[in-house]
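Colleague: Below is the file model-v2.cif, which contains mmCIF, C-alpha atoms.
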```cif
data_data
#
loop_
_atom_site.label_atom_id
_atom_site.label_comp_id
_atom_site.auth_asym_id
_atom_site.auth_seq_id
_atom_site.Cartn_x
_atom_site.Cartn_y
_atom_site.Cartn_z
CA MET A 1 -13.32 -44.00 36.14
CA SER A 2 -14.61 -41.24 33.87
CA ILE A 3 -14.39 -37.49 34.45
CA ARG A 4 -16.97 -36.17 36.90
CA ALA A 5 -17.82 -32.77 38.39
CA GLU A 6 -19.10 -32.29 41.91
CA ARG A 7 -19.38 -29.64 44.60
CA GLU A 8 -16.50 -29.58 47.07
CA ASP A 9 -17.76 -29.71 50.63
CA GLN A 10 -14.36 -28.59 51.89
CA VAL A 11 -12.05 -26.70 49.56
CA ASP A 12 -8.36 -27.56 49.76
CA TYR A 13 -7.00 -24.10 49.02
CA GLU A 14 -3.37 -25.21 48.87
CA GLU A 15 -4.25 -27.81 46.23
CA THR A 16 -6.41 -25.34 44.30
CA ALA A 17 -3.66 -22.70 44.23
CA ARG A 18 -1.10 -25.28 43.11
CA LEU A 19 -3.27 -26.48 40.23
CA ALA A 20 -4.20 -22.94 39.15
CA ASN A 21 -0.55 -21.87 39.11
CA ARG A 22 0.25 -24.84 36.90
CA VAL A 23 -2.54 -23.99 34.44
CA PHE A 24 -1.78 -20.26 34.27
CA ALA A 25 2.02 -20.44 34.44
CA ALA A 26 2.43 -19.13 30.89
CA MET A 27 0.28 -16.09 31.71
CA LYS A 28 2.39 -15.28 34.79
CA ILE A 29 -0.69 -15.16 37.01
CA SER A 30 0.02 -16.09 40.62
CA PHE A 31 -2.49 -17.76 42.95
CA GLU A 32 -2.10 -17.97 46.74
CA ALA A 33 -4.13 -20.20 49.02
CA ARG A 34 -4.96 -17.44 51.52
CA GLN A 35 -6.06 -15.07 48.73
CA LEU A 36 -8.37 -17.71 47.26
CA GLN A 37 -9.87 -18.45 50.66
CA TRP A 38 -10.50 -14.75 51.32
CA PHE A 39 -12.03 -14.25 47.87
CA TYR A 40 -14.33 -17.27 48.07
CA GLU A 41 -15.40 -16.85 51.69
CA ARG A 42 -15.17 -13.14 52.63
CA CYS A 43 -14.82 -10.88 49.60
CA PHE A 44 -18.56 -10.43 49.09
CA SER A 45 -19.48 -11.72 52.55
CA GLN A 46 -21.70 -14.54 51.27
CA GLY A 47 -19.34 -17.43 50.57
CA ALA A 48 -18.93 -19.54 47.46
CA ALA A 49 -19.52 -22.97 46.01
CA VAL A 50 -16.59 -24.60 44.23
CA ILE A 51 -17.37 -27.17 41.54
CA ALA A 52 -14.41 -29.52 41.20
CA LEU A 53 -13.61 -31.60 38.14
CA ARG A 54 -12.13 -34.94 39.14
CA HIS A 55 -10.49 -37.81 37.35
CA ASN A 56 -10.63 -40.79 39.70
CA ASP A 57 -9.84 -39.11 43.05
CA LEU A 58 -7.64 -36.35 41.66
CA LYS A 59 -8.82 -32.78 41.20
CA VAL A 60 -8.00 -31.73 37.64
CA GLY A 61 -10.06 -28.56 37.27
CA GLN A 62 -12.76 -26.37 38.76
CA MET A 63 -15.09 -23.39 38.60
CA ALA A 64 -15.98 -21.17 41.55
CA MET A 65 -19.42 -19.64 42.13
CA VAL A 66 -19.01 -16.60 44.39
CA ARG A 67 -22.30 -15.52 45.95
CA GLN A 68 -23.58 -11.95 45.74
CA THR A 69 -26.79 -10.01 46.14
CA ILE A 70 -27.88 -7.76 43.28
CA MET A 71 -30.47 -5.05 43.84
CA THR A 72 -32.68 -4.50 40.79
CA ASN A 73 -36.14 -3.08 40.21
CA GLY A 74 -36.66 -2.49 43.91
CA GLY A 75 -35.83 -6.02 45.06
CA ALA A 76 -32.87 -8.17 46.08
CA GLU A 77 -31.89 -11.05 43.80
CA ALA A 78 -29.43 -13.88 44.47
CA ALA A 79 -26.50 -13.94 42.07
CA VAL A 80 -23.19 -15.68 41.55
CA GLN A 81 -19.99 -14.64 39.85
CA LEU A 82 -18.48 -17.45 37.78
CA VAL A 83 -14.72 -17.20 38.28
CA ASP A 84 -11.49 -19.22 38.29
CA LEU A 85 -12.41 -21.71 35.60
CA PHE A 86 -9.47 -23.96 34.78
CA VAL A 87 -8.77 -27.51 33.63
CA LEU A 88 -5.36 -29.16 33.49
CA PRO A 89 -4.19 -29.45 29.86
CA GLU A 90 -4.27 -33.24 29.75
CA HIS A 91 -7.93 -33.29 30.83
CA ARG A 92 -9.36 -30.56 28.59
CA GLY A 93 -12.11 -31.32 26.15
CA ARG A 94 -15.82 -31.13 25.53
CA GLN A 95 -16.69 -33.76 28.11
CA SER A 96 -14.85 -31.90 30.87
CA LEU A 97 -16.56 -28.61 30.10
CA GLU A 98 -19.97 -30.22 29.82
CA GLN A 99 -19.47 -31.84 33.21
CA LEU A 100 -18.34 -28.60 34.84
CA PHE A 101 -21.02 -26.34 33.42
CA GLY A 102 -23.70 -28.95 34.00
CA ALA A 103 -22.78 -29.16 37.69
CA VAL A 104 -22.74 -25.35 37.94
CA GLU A 105 -26.24 -25.18 36.46
CA THR A 106 -27.47 -27.80 38.92
CA GLU A 107 -25.98 -25.83 41.81
CA CYS A 108 -27.55 -22.56 40.62
CA LEU A 109 -30.97 -24.18 40.53
CA ALA A 110 -30.46 -25.83 43.93
CA GLN A 111 -29.48 -22.48 45.50
CA ASP A 112 -32.33 -20.60 43.80
CA ILE A 113 -29.86 -18.30 42.05
CA ARG A 114 -31.40 -15.84 39.64
CA PHE A 115 -28.36 -14.28 37.96
CA ALA A 116 -25.13 -16.00 36.90
CA ILE A 117 -22.55 -13.39 35.91
CA GLY A 118 -19.23 -13.78 34.13
CA MET A 119 -16.55 -11.44 32.84
CA PRO A 120 -14.39 -13.74 30.71
CA ASN A 121 -11.29 -13.05 28.70
CA ALA A 122 -11.66 -13.07 24.93
CA ALA A 123 -10.85 -16.78 24.65
CA ALA A 124 -13.51 -17.86 27.16
CA THR A 125 -16.39 -15.75 25.86
CA GLY A 126 -17.54 -18.32 23.32
CA VAL A 127 -17.05 -21.19 25.77
CA ASN A 128 -19.40 -19.53 28.27
CA GLU A 129 -22.00 -18.89 25.60
CA PHE A 130 -21.89 -22.41 24.18
CA PHE A 131 -21.71 -24.48 27.34
CA PHE A 132 -23.66 -22.31 29.81
CA LYS A 133 -25.85 -20.00 27.71
CA LEU A 134 -24.29 -16.85 29.11
CA GLN A 135 -25.23 -13.92 26.91
CA PRO A 136 -23.60 -10.50 26.41
CA PHE A 137 -25.15 -8.01 28.81
CA LEU A 138 -22.82 -5.04 29.29
CA ARG A 139 -19.55 -3.96 27.71
CA MET A 140 -18.12 -1.87 30.52
CA PRO A 141 -16.87 1.55 29.42
CA LEU A 142 -13.09 1.78 29.86
CA CYS A 143 -11.71 5.25 30.51
CA MET A 144 -8.13 6.45 30.91
CA GLY A 145 -6.50 9.77 31.65
CA VAL A 146 -3.52 11.55 33.16
CA ALA A 147 -3.67 13.60 36.37
CA LEU A 148 -1.01 16.16 35.48
CA PRO A 149 1.01 17.40 38.48
CA PHE A 150 0.54 21.06 37.56
CA GLU A 151 -3.25 20.77 37.56
CA LEU A 152 -4.81 22.06 40.76
CA PRO A 153 -7.73 20.28 42.41
CA TRP A 154 -11.07 22.00 41.98
CA SER A 155 -10.57 23.92 45.23
CA ALA A 156 -7.14 24.53 46.76
CA ARG A 157 -8.83 25.21 50.10
CA ARG A 158 -10.42 21.75 50.34
CA THR A 159 -8.21 18.70 50.66
CA PRO A 160 -9.74 15.22 50.38
CA LEU A 161 -9.38 12.74 53.18
CA SER A 162 -6.89 10.22 51.80
CA TYR A 163 -5.18 7.23 53.38
CA ARG A 164 -3.86 3.78 52.59
CA PHE A 165 -6.31 1.11 53.62
CA ASP A 166 -5.17 -0.88 56.65
CA ARG A 167 -7.15 -3.96 57.68
CA THR A 168 -5.87 -3.57 61.26
CA ASP A 169 -7.50 -0.12 61.59
CA ARG A 170 -11.07 -1.30 61.26
CA SER A 171 -12.80 1.48 63.19
CA ARG A 172 -11.41 4.26 60.99
CA SER A 173 -12.74 2.77 57.77
CA LEU A 174 -16.07 1.61 59.18
CA GLU A 175 -16.87 5.12 60.41
CA LEU A 176 -16.12 6.60 56.98
CA PHE A 177 -17.74 3.85 54.89
CA ALA A 178 -21.01 4.18 56.85
CA ARG A 179 -21.60 7.50 55.08
CA PHE A 180 -21.68 5.73 51.72
CA ARG A 181 -24.08 2.86 52.29
CA THR A 182 -25.88 1.97 49.09
CA ALA A 183 -29.36 3.44 48.87
CA PRO A 184 -32.10 0.80 48.43
CA ASP A 185 -33.16 2.24 45.06
CA VAL A 186 -29.71 1.85 43.43
CA ASN A 187 -29.58 -1.10 41.05
CA GLY A 188 -26.40 -3.12 41.48
CA GLN A 189 -24.18 -4.57 44.18
CA PRO A 190 -25.16 -3.08 47.57
CA TRP A 191 -22.40 -1.98 49.93
CA ASP A 192 -22.44 -1.11 53.61
CA GLU A 193 -19.49 -0.36 55.86
CA THR A 194 -18.85 -3.98 56.86
CA SER A 195 -19.10 -5.53 53.41
CA LEU A 196 -16.93 -2.80 51.85
CA PHE A 197 -14.30 -3.25 54.56
CA ASP A 198 -14.22 -7.01 53.95
CA ARG A 199 -13.96 -6.41 50.19
CA LEU A 200 -10.65 -4.59 50.70
CA CYS A 201 -9.10 -7.14 53.08
CA GLY A 202 -7.49 -9.36 50.44
CA TYR A 203 -3.80 -10.23 50.42
CA LYS A 204 -2.89 -9.52 46.80
CA GLN A 205 -3.60 -5.82 46.26
CA ARG A 206 -3.08 -2.53 48.06
CA TYR A 207 -5.88 0.02 48.28
CA GLY A 208 -6.25 3.71 48.89
CA VAL A 209 -9.32 5.41 50.38
CA HIS A 210 -10.20 8.93 49.27
CA ALA A 211 -13.27 10.94 50.33
CA LEU A 212 -14.62 14.46 49.90
CA ASP A 213 -18.14 15.68 50.58
CA ASP A 214 -20.53 13.00 49.28
CA LEU A 215 -18.07 10.96 47.19
CA LEU A 216 -15.79 8.05 48.07
CA LEU A 217 -13.11 6.57 45.80
CA ILE A 218 -11.25 3.30 46.25
CA SER A 219 -7.94 3.22 44.33
CA SER A 220 -5.12 0.72 43.82
CA PRO A 221 -1.64 0.80 42.22
CA ARG A 222 -1.37 -1.58 39.29
CA VAL A 223 0.95 -2.57 36.44
CA SER A 224 -0.32 -3.85 33.09
CA ARG A 225 1.78 -4.55 30.01
CA GLY A 226 4.68 -2.75 31.61
CA ILE A 227 2.67 0.40 32.35
CA SER A 228 2.28 1.56 35.96
CA TYR A 229 -1.03 3.28 36.64
CA THR A 230 -3.60 4.07 39.30
CA LEU A 231 -6.71 1.92 39.05
CA LEU A 232 -9.89 3.68 40.10
CA CYS A 233 -11.62 0.60 41.48
CA GLY A 234 -14.91 2.26 42.25
CA PHE A 235 -16.76 5.41 43.30
CA LEU A 236 -19.55 5.42 45.90
CA THR A 237 -21.82 8.37 46.63
CA SER A 238 -23.83 9.19 49.71
CA PRO A 239 -27.49 8.20 49.37
CA GLY A 240 -29.50 10.57 47.19
CA THR A 241 -26.52 12.51 45.82
CA THR A 242 -24.76 12.90 42.48
CA ALA A 243 -21.07 13.81 42.49
CA ASP A 244 -20.00 16.82 40.47
CA PRO A 245 -16.95 16.63 38.16
CA GLY A 246 -14.84 18.89 40.39
CA THR A 247 -15.18 16.61 43.40
CA MET A 248 -14.37 13.58 41.27
CA ARG A 249 -11.26 15.24 39.81
CA ALA A 250 -10.04 16.15 43.30
CA LEU A 251 -10.27 12.52 44.40
CA VAL A 252 -8.58 11.25 41.24
CA HIS A 253 -5.68 13.67 41.85
CA SER A 254 -5.48 12.49 45.43
CA ALA A 255 -5.33 8.85 44.37
CA CYS A 256 -2.72 9.40 41.65
CA GLY A 257 -0.61 11.46 44.04
CA MET A 258 -0.77 8.78 46.71
CA TRP A 259 0.59 6.07 44.42
CA GLY A 260 2.91 8.30 42.39
CA ARG A 261 1.25 7.10 39.18
CA ARG A 262 -0.31 9.89 37.15
CA VAL A 263 -1.91 7.64 34.54
CA PHE A 264 -5.29 6.38 35.75
CA ALA A 265 -7.89 3.91 34.49
CA TYR A 266 -11.54 3.37 35.33
CA ALA A 267 -13.99 0.77 34.05
CA GLY A 268 -17.69 0.66 34.78
CA VAL A 269 -20.99 2.48 34.85
CA ASN A 270 -22.11 4.72 37.69
CA SER A 271 -25.23 6.86 37.72
CA GLY A 272 -23.90 8.62 40.82
CA LEU A 273 -21.26 10.42 38.72
CA ALA A 274 -22.14 13.40 36.55
CA SER A 275 -19.51 12.13 34.08
CA LEU A 276 -16.92 9.36 33.92
CA PRO A 277 -13.26 10.18 34.65
CA GLY A 278 -10.83 10.46 31.75
CA ILE A 279 -11.48 9.67 28.11
CA ARG A 280 -13.48 6.65 27.03
CA LEU A 281 -11.38 4.32 24.88
CA PRO A 282 -12.88 3.04 21.62
CA ASP A 283 -13.44 -0.70 21.39
CA SER A 284 -10.70 -1.07 18.77
CA ILE A 285 -7.90 -0.23 21.24
CA ARG A 286 -9.27 -1.67 24.46
CA PRO A 287 -6.73 -4.06 26.06
CA SER A 288 -9.54 -6.20 27.50
CA PRO A 289 -13.12 -6.88 26.35
CA LEU A 290 -14.52 -6.18 29.85
CA LEU A 291 -17.68 -7.88 28.67
CA VAL A 292 -20.21 -8.76 31.34
CA GLN A 293 -22.10 -11.93 30.45
CA LEU A 294 -25.37 -12.87 32.09
CA ARG A 295 -27.74 -15.78 32.46
CA ASP A 296 -31.11 -15.07 34.02
CA PHE A 297 -32.65 -18.21 35.51
CA LYS A 298 -35.97 -16.39 36.00
CA PRO A 299 -36.49 -14.57 32.69
CA ASP A 300 -40.21 -14.08 33.35
CA ARG A 301 -39.38 -11.33 35.87
CA GLU A 302 -38.35 -7.75 35.14
CA PRO A 303 -34.92 -7.79 33.45
CA LEU A 304 -31.76 -6.81 35.28
CA ARG A 305 -30.95 -3.10 35.50
CA LEU A 306 -27.58 -1.79 36.67
CA ASP A 307 -27.18 1.81 37.81
CA ARG A 308 -23.71 1.04 39.08
CA PHE A 309 -21.33 -1.77 38.15
CA GLN A 310 -17.59 -1.25 38.62
CA LEU A 311 -14.46 -3.34 38.97
CA LEU A 312 -14.97 -3.10 42.74
CA ASP A 313 -18.09 -5.22 42.22
CA PHE A 314 -16.16 -7.96 40.43
CA ASP A 315 -12.88 -9.77 41.07
CA PHE A 316 -10.84 -7.63 38.66
CA ALA A 317 -10.16 -5.07 41.41
#
```
Written as structure tokens, that's how I'd like the structure from this file.

Modeller:
Amino acid sequence: MSIRAEREDQVDYEETARLANRVFAAMKISFEARQLQWFYERCFSQGAAVIALRHNDLKVGQMAMVRQTIMTNGGAEAAVQLVDLFVLPEHRGRQSLEQLFGAVETECLAQDIRFAIGMPNAAATGVNEFFFKLQPFLRMPLCMGVALPFELPWSARRTPLSYRFDRTDRSRSLELFARFRTAPDVNGQPWDETSLFDRLCGYKQRYGVHALDDLLLISSPRVSRGISYTLLCGFLTSPGTTADPGTMRALVHSACGMWGRRVFAYAGVNSGLASLPGIRLPDSIRPSPLLVQLRDFKPDREPLRLDRFQLLDFDFA
């Protein structure tokens, strides 16, 4: 029987994790069944469709379509993130990719999806463009800096609220997150207290929560290429406010102090910040393209606008 791609009605997460670990073994990327299930079903609170590539009755590859809502131009649009594309080495080839991307396109049309979004590595960029017509949309600014221990926060008399996120202490986070619900006129991924709480409930990463006045920061300790650093996953502002640089610096210091990692990194755009943290890296030394690709299935409408798009809004964080 030839290669075919079809939607999985029930995802076998143990099988999916096993196959993904086999494909990405050389890259030392680890997949766990419970993490995949959380990401597909709860991370953005809207579920996912998994397109499986099969040879006879065996699953040999897949692509996941994680549902989101994107606010743009005053309205809500259905969107999907295209993630976790892999095919076992012995089944790779043009036919396999055509089958996978063809089934994804069919599913997007069936679900009335407007935006398909990808953030591929450098090797997959051309594949997405050729087989699925994803086009470059946004190269996310990547900023880095160092929160030096002898630097004082903007006001020694005001200490940010700062704690390590704990999924078992739901009431504490919900009460805080409610202050930072996304205003309806902000273009991008909308967050409320429940969806933000669910976003942080994965099993792979640890998160810190830092708040002062009208600004919230979600942080996480990470290691990349042997360098330990604090990832600034995303900033959220209270509706109708813009955070000043002093407040932002205070939260960055709080995050770096929590994790004991003075180097920090931030990627994204955010109109709620007066300026981005750290120094923007030139494209020539960026360790990752961080290129957002987009396909608009309804190009006759007003084009997508993003006031805020951060790693928190994608699977990188």

Colleague: Here's the selection I'm unsure about, the PyMOL selection byres ((chain A and resi 80) around 10); applied to the file above, which residues does it give, as a list in words?

Modeller: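 Taken on the displayed file, the PyMOL selection byres ((chain A and resi 80) around 10) yields the residues Gln46, Gly47, Ala48, Ala49, Ala64, Met65, Val66, Arg67, Gln68, Thr69, Ile70, Ala78, Ala79, Gln81, Leu82, Val83, Cys108, Ile113, Arg114, Phe115, Ala116, Ile117 and Gly118 of chain A.
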
Colleague: Extract, using only C-alpha atoms, all DNA, RNA and protein residues at most 7 Å from stretch 203-218 of chain A, discarding same-chain residues fewer than 2 positions from it, and format them as a list in words.

Modeller: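 Listing them by chain and then by number gives Gln35, Pro160, Leu161, Ser162, Tyr163, Arg164, Phe165, Cys201, Ser220, Pro221, Leu232, Cys233, Gly234, Phe235, Leu236, Thr237, Ser238, Thr241, Ala243, Thr247, Leu251 and Ala255 of chain A.
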
Colleague: Would you work out the distance separating atom CA of A:Pro89 from atom CA of A:Arg22, expressed in Å to one decimal?

Modeller: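 Computing it gives 9.5 Å between the two atoms.
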
Colleague: Grab all the atoms of stretch 262-271 of chain A that the file lists, wrap them in a box along x, y and z, add 3 Å per side, and give me centre plus edge lengths in Å (one decimal) as AutoDock Vina command-line options.

Modeller:
```
--center_x -12.8 --center_y 5.3 --center_z 35.9 --size_x 30.9 --size_y 15.2 --size_z 9.7
```

Colleague: Which one is closest to A:Leu311: A:Arg286, A:Arg261, A:His91, A:Arg199? Count all atoms listed in the file.

Modeller: A:Arg199

Colleague: Using the chain letters and numbers from this file, what does the PyMOL selection byres ((chain A and resi 138) around 8) select? Give the answer as a list in words.

Modeller: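 Evaluating the PyMOL selection byres ((chain A and resi 138) around 8) on this file yields Pro136, Phe137, Arg139, Met140, Leu291, Val292 and Gln293 of chain A.
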
Colleague: For the provided coordinates, the residues matched by the PyMOL selection byres ((chain A and resi 131) around 9) should be stated as a VMD selection string.

Modeller: chain A and resid 97 to 98 101 to 102 126 to 130 132 to 134

Colleague: Just the number, please: distance in Å from atom CA of A:Phe309 to atom CA of A:Gly268, one decimal.

Modeller: 5.5 Å

Colleague: How many Å separate atom CA of A:Ala103 from atom CA of A:Ala52?

Modeller: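 Atom CA of A:Ala103 sits 9.1 Å away from atom CA of A:Ala52.
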
Colleague: Write out as a list of chain:residue names which residues come within 7 Å of A:Glu193 when counting only C-alpha atoms, dropping same-chain ones fewer than 2 positions away.

Modeller: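 My list of contacting residues is A:Leu174, A:Phe177, A:Ala178, A:Arg181, A:Trp191, A:Ser195, A:Leu196, A:Phe197.
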
Colleague: Given the choices A:Val50, A:Leu281, A:Met27, A:Leu58, which gets closest to A:Ser2 if the distance is worked out from all atoms listed in the file?

Modeller: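 Of the candidates, the smallest distance to A:Ser2 is held by A:Leu58.
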
Colleague: Around the point (-7.0, -9.7, 35.7), in the coordinates given by the file, pick out the residues reaching within 9 Å, counting all atoms listed in the file, and return them as a PyMOL selection string.

Modeller: chain A and resi 29+121+315-317

Colleague: Output C-alpha atoms for every residue in that selection, as a PDB file, in the frame of the given file.

Modeller:
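Now in part.pdb:
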```
ATOM      1  CA  ILE A  29      -0.690 -15.160  37.010  1.00  0.00           C
ATOM      2  CA  ASN A 121     -11.290 -13.050  28.700  1.00  0.00           C
ATOM      3  CA  ASP A 315     -12.880  -9.770  41.070  1.00  0.00           C
ATOM      4  CA  PHE A 316     -10.840  -7.630  38.660  1.00  0.00           C
ATOM      5  CA  ALA A 317     -10.160  -5.070  41.410  1.00  0.00           C
TER       6      ALA A 317
END
```
